[in-house]
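First comes the structure, then the notes that go with it.
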Amino acid sequence: MISTPALVAPSAGAAFEARTVEHRDLRDDDVLIDIKFAGICHSDIHQVREEWGSAHFPMVPGHEIAGIVSAVGDGVTKYKVGDRVGVGCMVDSCGECEFCKDGEEQFCSKGAVMTYNGKGYDGEQTKGGYAQQVVVSERFAVGIPDGIELDVAAPLLCAGITVWSPLKRWGAGPGKKVAVIGLGGLGHMAVKLAAAMGAEVSVLSRSDAKKDDGLALGAAAYHATGDEGVLKSLKGTFDIIINTVSADLPMQTYIGLLRPLGVIANVGLPAGNYDFAPGAVVGGSRVVAGSNIGGIPATAEMLAFCAEHGIGATIEKISADEVDAAYDRVVAGDVRYRFVIDTATINA
Ligand SMILES: [Zn+2]
Ligand SMILES: [Zn+2]
């Protein structure tokens, strides 16, 4: 077994403890990654606090992983020791179904294995990125181009790919007006990516608090939706809306902001239902869509795009003993725009 220091959530909602955890010895297709940085995704918090149904403890969260390959299994061909790699939300899939063959492993018919709080096909509980090492199949490690520093690369592995997928699928680019609802971890990446794709980007946020940031991130316009008459004035404006907000939101009003044939792609998961009249989408042939992360080929494509355009996440780097406080700040929306743990600070 391979032992590594990690941040462990011992039970639902409990404070993190630095402990040594074990990973399997390398299989033929495995790489051992020395993790340098791990992003904190809001979904980590939902799982650690058991807000998404029953979770498995002790848990090592983290699916925004960036590090360096430090050992390879006998059959590994994709990577060698010293390569810079990332790991996102998945660490295995069947490799044989139509979705796996299409590089959409997240839809694997057998069920993709999640990076943590999941069970591998061998029955072992998976452990994520809040650690100094992780073992994964080379198929689920993605090369990080030299042009991106590892700390700002880590959040690309979940936040980045999550918004990249709908922007690509729905054709964000020159001549397209893209609106991003919510300027948080996902939203700030959506703004950066859509702007680099050549789209005209607007931020839709409740208040003006993040206006300077939104414009600096690449948005052409920023609208405080809590202000009187703002939403009304934007009727029929956008080709694509990326909704990153996990709070209840007047969907019918936002659908109304779309031009004919426009699409609102939802990546947030509010507890309640969206409410809109059929006429809101039938009129104008509008689309209400969802999007769930992205496959390994798309992740590699996104990372190459980020390197080419000099894009990384905007981060606050923290040490292991600051993670509990960081969780509360994420829940309060008080982070600009992603916390990234320096895993060297984990003392187990
Ligand atoms: Zn995530
Ligand atoms: Zn599959």
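Simple scheme: letters A, B, ... for chains in structure tokens order, numbers from 1 for residues in each chain, numbers from 1 for ligands in the order shown.
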
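Selecting alpha helix (DSSP H) from the backbone DSSP output for segment 238-327 of chain A yields A:Met251, A:Gln252, A:Thr253, A:Tyr254, A:Ile255, A:Pro278, A:Gly279, A:Ala280, A:Val281, A:Val282, A:Ile296, A:Pro297, A:Ala298, A:Thr299, A:Ala300, A:Glu301, A:Met302, A:Leu303, A:Ala304, A:Phe305, A:Cys306, A:Ala307, A:Glu308, A:His309, A:Val323, A:Asp324, A:Ala325, A:Ala326, A:Tyr327.
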
Using C-alpha atoms, can you export the residues from the last selection as a tab-separated table (two decimals), in the first residue's frame?
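Here's the written file selection-v3.tsv:
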chain	number	residue	atom	x	y	z
A	251	MET	CA	-36.48	30.50	-14.41
A	252	GLN	CA	-39.28	31.92	-16.52
A	253	THR	CA	-37.82	35.40	-16.20
A	254	TYR	CA	-34.37	34.19	-17.24
A	255	ILE	CA	-35.73	32.23	-20.19
A	278	PRO	CA	-44.42	25.78	-21.68
A	279	GLY	CA	-44.99	28.91	-23.72
A	280	ALA	CA	-41.76	30.38	-22.38
A	281	VAL	CA	-39.75	27.85	-24.38
A	282	VAL	CA	-42.16	27.11	-27.26
A	296	ILE	CA	-11.46	13.35	-20.54
A	297	PRO	CA	-10.89	14.46	-24.17
A	298	ALA	CA	-12.88	17.66	-23.54
A	299	THR	CA	-10.88	18.29	-20.36
A	300	ALA	CA	-7.62	17.99	-22.30
A	301	GLU	CA	-9.00	20.32	-24.98
A	302	MET	CA	-10.04	22.85	-22.33
A	303	LEU	CA	-6.60	22.78	-20.69
A	304	ALA	CA	-4.90	23.32	-24.06
A	305	PHE	CA	-7.23	26.26	-24.71
A	306	CYS	CA	-6.43	27.73	-21.29
A	307	ALA	CA	-2.69	27.43	-21.89
A	308	GLU	CA	-3.03	29.06	-25.30
A	309	HIS	CA	-5.05	31.96	-23.88
A	323	VAL	CA	-9.87	24.52	5.15
A	324	ASP	CA	-12.65	24.43	7.76
A	325	ALA	CA	-12.88	28.22	7.75
A	326	ALA	CA	-12.69	28.26	3.97
A	327	TYR	CA	-15.75	26.00	3.79

Quick one: residues within 8 Å of ligand 2, with only C-alpha atoms and all ligand atoms, as a list in words?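 Listing the residues within 8 Å of ligand 2 gives Ser93, Cys94, Gly95, Glu96, Cys97, Glu98, Phe99, Cys100, Lys101, Glu105, Phe107, Cys108, Ser109, Lys110, Gly111 and Ala112 of chain A.
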
Can I get the selection written as a PDB file, in the first residue's frame, with N, CA, C and O atoms?
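Result file is selection.pdb:
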ATOM      1  N   SER A  93     -13.963   4.388 -15.380  1.00  0.00           N
ATOM      2  CA  SER A  93     -15.229   4.106 -16.067  1.00  0.00           C
ATOM      3  C   SER A  93     -15.001   2.813 -16.829  1.00  0.00           C
ATOM      4  O   SER A  93     -13.873   2.315 -16.868  1.00  0.00           O
ATOM      5  N   CYS A  94     -16.062   2.252 -17.425  1.00  0.00           N
ATOM      6  CA  CYS A  94     -15.921   0.907 -17.997  1.00  0.00           C
ATOM      7  C   CYS A  94     -14.997   0.880 -19.211  1.00  0.00           C
ATOM      8  O   CYS A  94     -14.362  -0.127 -19.493  1.00  0.00           O
ATOM      9  N   GLY A  95     -14.917   1.998 -19.928  1.00  0.00           N
ATOM     10  CA  GLY A  95     -14.040   2.052 -21.097  1.00  0.00           C
ATOM     11  C   GLY A  95     -14.600   1.369 -22.327  1.00  0.00           C
ATOM     12  O   GLY A  95     -13.970   1.392 -23.392  1.00  0.00           O
ATOM     13  N   GLU A  96     -15.777   0.745 -22.205  1.00  0.00           N
ATOM     14  CA  GLU A  96     -16.282  -0.062 -23.314  1.00  0.00           C
ATOM     15  C   GLU A  96     -17.639   0.382 -23.838  1.00  0.00           C
ATOM     16  O   GLU A  96     -18.015   0.040 -24.952  1.00  0.00           O
ATOM     17  N   CYS A  97     -18.396   1.120 -23.067  1.00  0.00           N
ATOM     18  CA  CYS A  97     -19.742   1.490 -23.501  1.00  0.00           C
ATOM     19  C   CYS A  97     -19.659   2.620 -24.523  1.00  0.00           C
ATOM     20  O   CYS A  97     -18.597   3.201 -24.756  1.00  0.00           O
ATOM     21  N   GLU A  98     -20.792   2.947 -25.137  1.00  0.00           N
ATOM     22  CA  GLU A  98     -20.772   3.958 -26.200  1.00  0.00           C
ATOM     23  C   GLU A  98     -20.302   5.315 -25.678  1.00  0.00           C
ATOM     24  O   GLU A  98     -19.624   6.050 -26.382  1.00  0.00           O
ATOM     25  N   PHE A  99     -20.636   5.637 -24.444  1.00  0.00           N
ATOM     26  CA  PHE A  99     -20.250   6.944 -23.913  1.00  0.00           C
ATOM     27  C   PHE A  99     -18.753   6.999 -23.616  1.00  0.00           C
ATOM     28  O   PHE A  99     -18.094   7.989 -23.910  1.00  0.00           O
ATOM     29  N   CYS A 100     -18.238   5.918 -23.040  1.00  0.00           N
ATOM     30  CA  CYS A 100     -16.790   5.873 -22.802  1.00  0.00           C
ATOM     31  C   CYS A 100     -16.042   5.961 -24.127  1.00  0.00           C
ATOM     32  O   CYS A 100     -15.045   6.674 -24.243  1.00  0.00           O
ATOM     33  N   LYS A 101     -16.522   5.234 -25.124  1.00  0.00           N
ATOM     34  CA  LYS A 101     -15.841   5.254 -26.423  1.00  0.00           C
ATOM     35  C   LYS A 101     -15.900   6.629 -27.058  1.00  0.00           C
ATOM     36  O   LYS A 101     -15.023   7.006 -27.833  1.00  0.00           O
ATOM     37  N   GLU A 105     -17.044   9.997 -20.558  1.00  0.00           N
ATOM     38  CA  GLU A 105     -16.979   8.988 -19.491  1.00  0.00           C
ATOM     39  C   GLU A 105     -17.928   9.284 -18.345  1.00  0.00           C
ATOM     40  O   GLU A 105     -18.311   8.374 -17.596  1.00  0.00           O
ATOM     41  N   PHE A 107     -20.888   9.770 -18.462  1.00  0.00           N
ATOM     42  CA  PHE A 107     -22.179   9.114 -18.696  1.00  0.00           C
ATOM     43  C   PHE A 107     -22.029   7.598 -18.830  1.00  0.00           C
ATOM     44  O   PHE A 107     -22.926   6.923 -19.343  1.00  0.00           O
ATOM     45  N   CYS A 108     -20.915   7.068 -18.413  1.00  0.00           N
ATOM     46  CA  CYS A 108     -20.633   5.627 -18.537  1.00  0.00           C
ATOM     47  C   CYS A 108     -21.838   4.792 -18.098  1.00  0.00           C
ATOM     48  O   CYS A 108     -22.410   5.017 -17.030  1.00  0.00           O
ATOM     49  N   SER A 109     -22.197   3.820 -18.928  1.00  0.00           N
ATOM     50  CA  SER A 109     -23.365   2.979 -18.636  1.00  0.00           C
ATOM     51  C   SER A 109     -23.185   2.171 -17.357  1.00  0.00           C
ATOM     52  O   SER A 109     -24.154   1.864 -16.665  1.00  0.00           O
ATOM     53  N   LYS A 110     -21.945   1.815 -17.053  1.00  0.00           N
ATOM     54  CA  LYS A 110     -21.688   1.041 -15.834  1.00  0.00           C
ATOM     55  C   LYS A 110     -21.623   1.970 -14.620  1.00  0.00           C
ATOM     56  O   LYS A 110     -21.671   1.512 -13.480  1.00  0.00           O
ATOM     57  N   GLY A 111     -21.518   3.259 -14.890  1.00  0.00           N
ATOM     58  CA  GLY A 111     -21.382   4.241 -13.803  1.00  0.00           C
ATOM     59  C   GLY A 111     -19.925   4.620 -13.622  1.00  0.00           C
ATOM     60  O   GLY A 111     -19.100   3.772 -13.278  1.00  0.00           O
ATOM     61  N   ALA A 112     -19.586   5.854 -13.924  1.00  0.00           N
ATOM     62  CA  ALA A 112     -18.214   6.314 -13.709  1.00  0.00           C
ATOM     63  C   ALA A 112     -17.907   6.298 -12.216  1.00  0.00           C
ATOM     64  O   ALA A 112     -18.801   6.494 -11.390  1.00  0.00           O
TER      65      ALA A 112
END

Contacts of chain A with ligand 1 up to 7 Å, shortest pair per row, only C-alpha atoms and all ligand atoms, as JSON lines:
{"residue": "A:Cys41", "atom": "CA", "partner": "ligand 1", "partner_atom_place_in_ligand_line": "1 (Zn)", "distance": 4.5}
{"residue": "A:His42", "atom": "CA", "partner": "ligand 1", "partner_atom_place_in_ligand_line": "1 (Zn)", "distance": 6.5}
{"residue": "A:Ser43", "atom": "CA", "partner": "ligand 1", "partner_atom_place_in_ligand_line": "1 (Zn)", "distance": 5.4}
{"residue": "A:Asp44", "atom": "CA", "partner": "ligand 1", "partner_atom_place_in_ligand_line": "1 (Zn)", "distance": 6.9}
{"residue": "A:His63", "atom": "CA", "partner": "ligand 1", "partner_atom_place_in_ligand_line": "1 (Zn)", "distance": 6.1}
{"residue": "A:Glu64", "atom": "CA", "partner": "ligand 1", "partner_atom_place_in_ligand_line": "1 (Zn)", "distance": 6.9}
{"residue": "A:Cys89", "atom": "CA", "partner": "ligand 1", "partner_atom_place_in_ligand_line": "1 (Zn)", "distance": 6.7}
{"residue": "A:Cys158", "atom": "CA", "partner": "ligand 1", "partner_atom_place_in_ligand_line": "1 (Zn)", "distance": 4.6}
{"residue": "A:Ala159", "atom": "CA", "partner": "ligand 1", "partner_atom_place_in_ligand_line": "1 (Zn)", "distance": 6.0}

Could those selected residues go to a file with C-alpha atoms, as a tab-separated table (two decimals), in the first residue's frame?
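Saved result, selection-v6.tsv, follows:
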chain	number	residue	atom	x	y	z
A	41	CYS	CA	-15.41	22.83	-4.92
A	42	HIS	CA	-18.79	23.61	-3.39
A	43	SER	CA	-19.76	20.00	-4.03
A	44	ASP	CA	-16.99	18.94	-1.61
A	63	HIS	CA	-11.65	16.59	-7.30
A	64	GLU	CA	-9.65	19.56	-8.52
A	89	CYS	CA	-14.26	14.38	-10.89
A	158	CYS	CA	-13.95	20.71	-12.17
A	159	ALA	CA	-15.02	24.36	-12.30

Could you name the residues that touch segment 12-26 of chain A at 8 Å or less, counting only C-alpha atoms, but leaving out those on the same chain fewer than 5 positions away, as a CSV table (one decimal) with C-alpha atoms, in the first residue's frame?
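Result saved to result-v9.csv:
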chain,number,residue,atom,x,y,z
A,1,MET,CA,0.0,0.0,0.0
A,2,ILE,CA,1.0,3.6,-0.5
A,3,SER,CA,0.6,5.8,2.6
A,4,THR,CA,0.1,9.6,2.2
A,5,PRO,CA,-0.8,12.5,4.5
A,6,ALA,CA,-4.4,13.7,3.8
A,7,LEU,CA,-7.1,15.9,5.2
A,31,VAL,CA,0.1,6.6,-12.1
A,32,LEU,CA,1.1,7.8,-8.7
A,48,VAL,CA,-18.7,16.4,3.6
A,49,ARG,CA,-21.8,17.9,5.3
A,50,GLU,CA,-23.9,15.0,3.9
A,55,ALA,CA,-21.9,9.8,2.3
A,57,PHE,CA,-16.7,8.5,6.0
A,72,VAL,CA,4.1,4.8,-13.1
A,73,GLY,CA,2.8,1.2,-13.5
A,134,VAL,CA,-3.3,9.9,-5.2
A,135,VAL,CA,-3.2,6.8,-7.4
A,323,VAL,CA,-9.9,24.5,5.1
A,324,ASP,CA,-12.6,24.4,7.8
A,346,ILE,CA,-0.8,18.8,5.4
A,347,ASN,CA,1.1,17.6,8.5
A,348,ALA,CA,-0.1,14.1,9.4

Long-range neighbours of segment 174-187 of chain A as a list in words, 6 Å cut-off, only C-alpha atoms, 5 positions minimum in chain: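 Using only C-alpha atoms, the neighbours found are Ala159, Gly198, Ala199, Glu200, Val201, Ser202, Val203, Leu204, Ser205, Phe238, Asp239, Ile240, Ile241, Ile242, Asn243, Thr244, Val245, Tyr337 and Arg338 of chain A.
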
For the residues selected in the previous step, produce a file with C-alpha atoms as a short mmCIF file (atom, residue, chain, number, x, y, z; two decimals), in the first residue's frame.
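part-v4.cif was written with the following content:
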data_model
loop_
_atom_site.label_atom_id
_atom_site.label_comp_id
_atom_site.auth_asym_id
_atom_site.auth_seq_id
_atom_site.Cartn_x
_atom_site.Cartn_y
_atom_site.Cartn_z
CA ALA A 159 -15.02 24.36 -12.30
CA GLY A 198 -14.66 35.55 -28.57
CA ALA A 199 -18.18 35.89 -27.22
CA GLU A 200 -19.58 39.12 -25.81
CA VAL A 201 -20.03 38.27 -22.14
CA SER A 202 -22.35 39.75 -19.54
CA VAL A 203 -22.38 38.96 -15.85
CA LEU A 204 -25.75 38.70 -14.14
CA SER A 205 -25.19 39.02 -10.40
CA PHE A 238 -28.74 36.60 -25.01
CA ASP A 239 -27.91 33.62 -27.21
CA ILE A 240 -26.53 31.55 -24.35
CA ILE A 241 -27.01 31.84 -20.61
CA ILE A 242 -24.85 29.76 -18.29
CA ASN A 243 -26.62 29.48 -14.95
CA THR A 244 -24.10 28.61 -12.25
CA VAL A 245 -26.38 29.40 -9.34
CA TYR A 337 -12.89 32.97 -6.71
CA ARG A 338 -11.59 29.55 -5.72
#

Which residues come within 12 Å of Asp227 of chain A, counting only C-alpha atoms, excluding same-chain residues fewer than 3 positions away, as JSON, numbers by chain? {"A": [204, 205, 206, 207, 208, 222, 223, 224, 230, 231, 232, 233]}

Just-selected residues, N, CA, C and O atoms written as an mmCIF file, in the first residue's frame:
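Okay, this is what ended up in again-v1.cif:
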data_model
loop_
_atom_site.group_PDB
_atom_site.id
_atom_site.type_symbol
_atom_site.label_atom_id
_atom_site.label_comp_id
_atom_site.auth_asym_id
_atom_site.auth_seq_id
_atom_site.Cartn_x
_atom_site.Cartn_y
_atom_site.Cartn_z
ATOM 1 N N LEU A 204 -24.497 38.397 -14.827
ATOM 2 C CA LEU A 204 -25.746 38.697 -14.139
ATOM 3 C C LEU A 204 -25.566 38.298 -12.679
ATOM 4 O O LEU A 204 -25.483 37.112 -12.357
ATOM 5 N N SER A 205 -25.439 39.279 -11.818
ATOM 6 C CA SER A 205 -25.194 39.017 -10.405
ATOM 7 C C SER A 205 -26.181 39.846 -9.599
ATOM 8 O O SER A 205 -26.675 40.867 -10.076
ATOM 9 N N ARG A 206 -26.466 39.412 -8.364
ATOM 10 C CA ARG A 206 -27.527 40.096 -7.615
ATOM 11 C C ARG A 206 -27.205 41.558 -7.337
ATOM 12 O O ARG A 206 -28.045 42.427 -7.464
ATOM 13 N N SER A 207 -25.957 41.810 -6.947
ATOM 14 C CA SER A 207 -25.591 43.179 -6.589
ATOM 15 C C SER A 207 -24.400 43.641 -7.424
ATOM 16 O O SER A 207 -23.813 42.875 -8.181
ATOM 17 N N ASP A 208 -24.037 44.873 -7.239
ATOM 18 C CA ASP A 208 -22.892 45.461 -7.939
ATOM 19 C C ASP A 208 -21.556 45.117 -7.287
ATOM 20 O O ASP A 208 -20.503 45.546 -7.752
ATOM 21 N N TYR A 222 -21.962 44.196 -17.027
ATOM 22 C CA TYR A 222 -22.277 43.614 -15.715
ATOM 23 C C TYR A 222 -23.615 44.179 -15.287
ATOM 24 O O TYR A 222 -23.819 45.394 -15.294
ATOM 25 N N HIS A 223 -24.539 43.283 -14.967
ATOM 26 C CA HIS A 223 -25.877 43.735 -14.598
ATOM 27 C C HIS A 223 -26.234 43.248 -13.196
ATOM 28 O O HIS A 223 -26.181 42.049 -12.926
ATOM 29 N N ALA A 224 -26.591 44.175 -12.327
ATOM 30 C CA ALA A 224 -27.020 43.826 -10.973
ATOM 31 C C ALA A 224 -28.515 43.500 -11.040
ATOM 32 O O ALA A 224 -29.364 44.387 -11.116
ATOM 33 N N VAL A 230 -33.868 45.929 -14.044
ATOM 34 C CA VAL A 230 -32.700 45.454 -14.810
ATOM 35 C C VAL A 230 -33.051 44.229 -15.648
ATOM 36 O O VAL A 230 -32.762 44.165 -16.842
ATOM 37 N N LEU A 231 -33.694 43.243 -15.018
ATOM 38 C CA LEU A 231 -34.028 42.028 -15.769
ATOM 39 C C LEU A 231 -34.972 42.351 -16.920
ATOM 40 O O LEU A 231 -34.831 41.831 -18.030
ATOM 41 N N LYS A 232 -35.927 43.223 -16.660
ATOM 42 C CA LYS A 232 -36.892 43.607 -17.691
ATOM 43 C C LYS A 232 -36.173 44.227 -18.901
ATOM 44 O O LYS A 232 -36.504 43.956 -20.058
ATOM 45 N N SER A 233 -35.153 45.014 -18.620
ATOM 46 C CA SER A 233 -34.450 45.720 -19.691
ATOM 47 C C SER A 233 -33.607 44.778 -20.551
ATOM 48 O O SER A 233 -33.169 45.138 -21.634
#
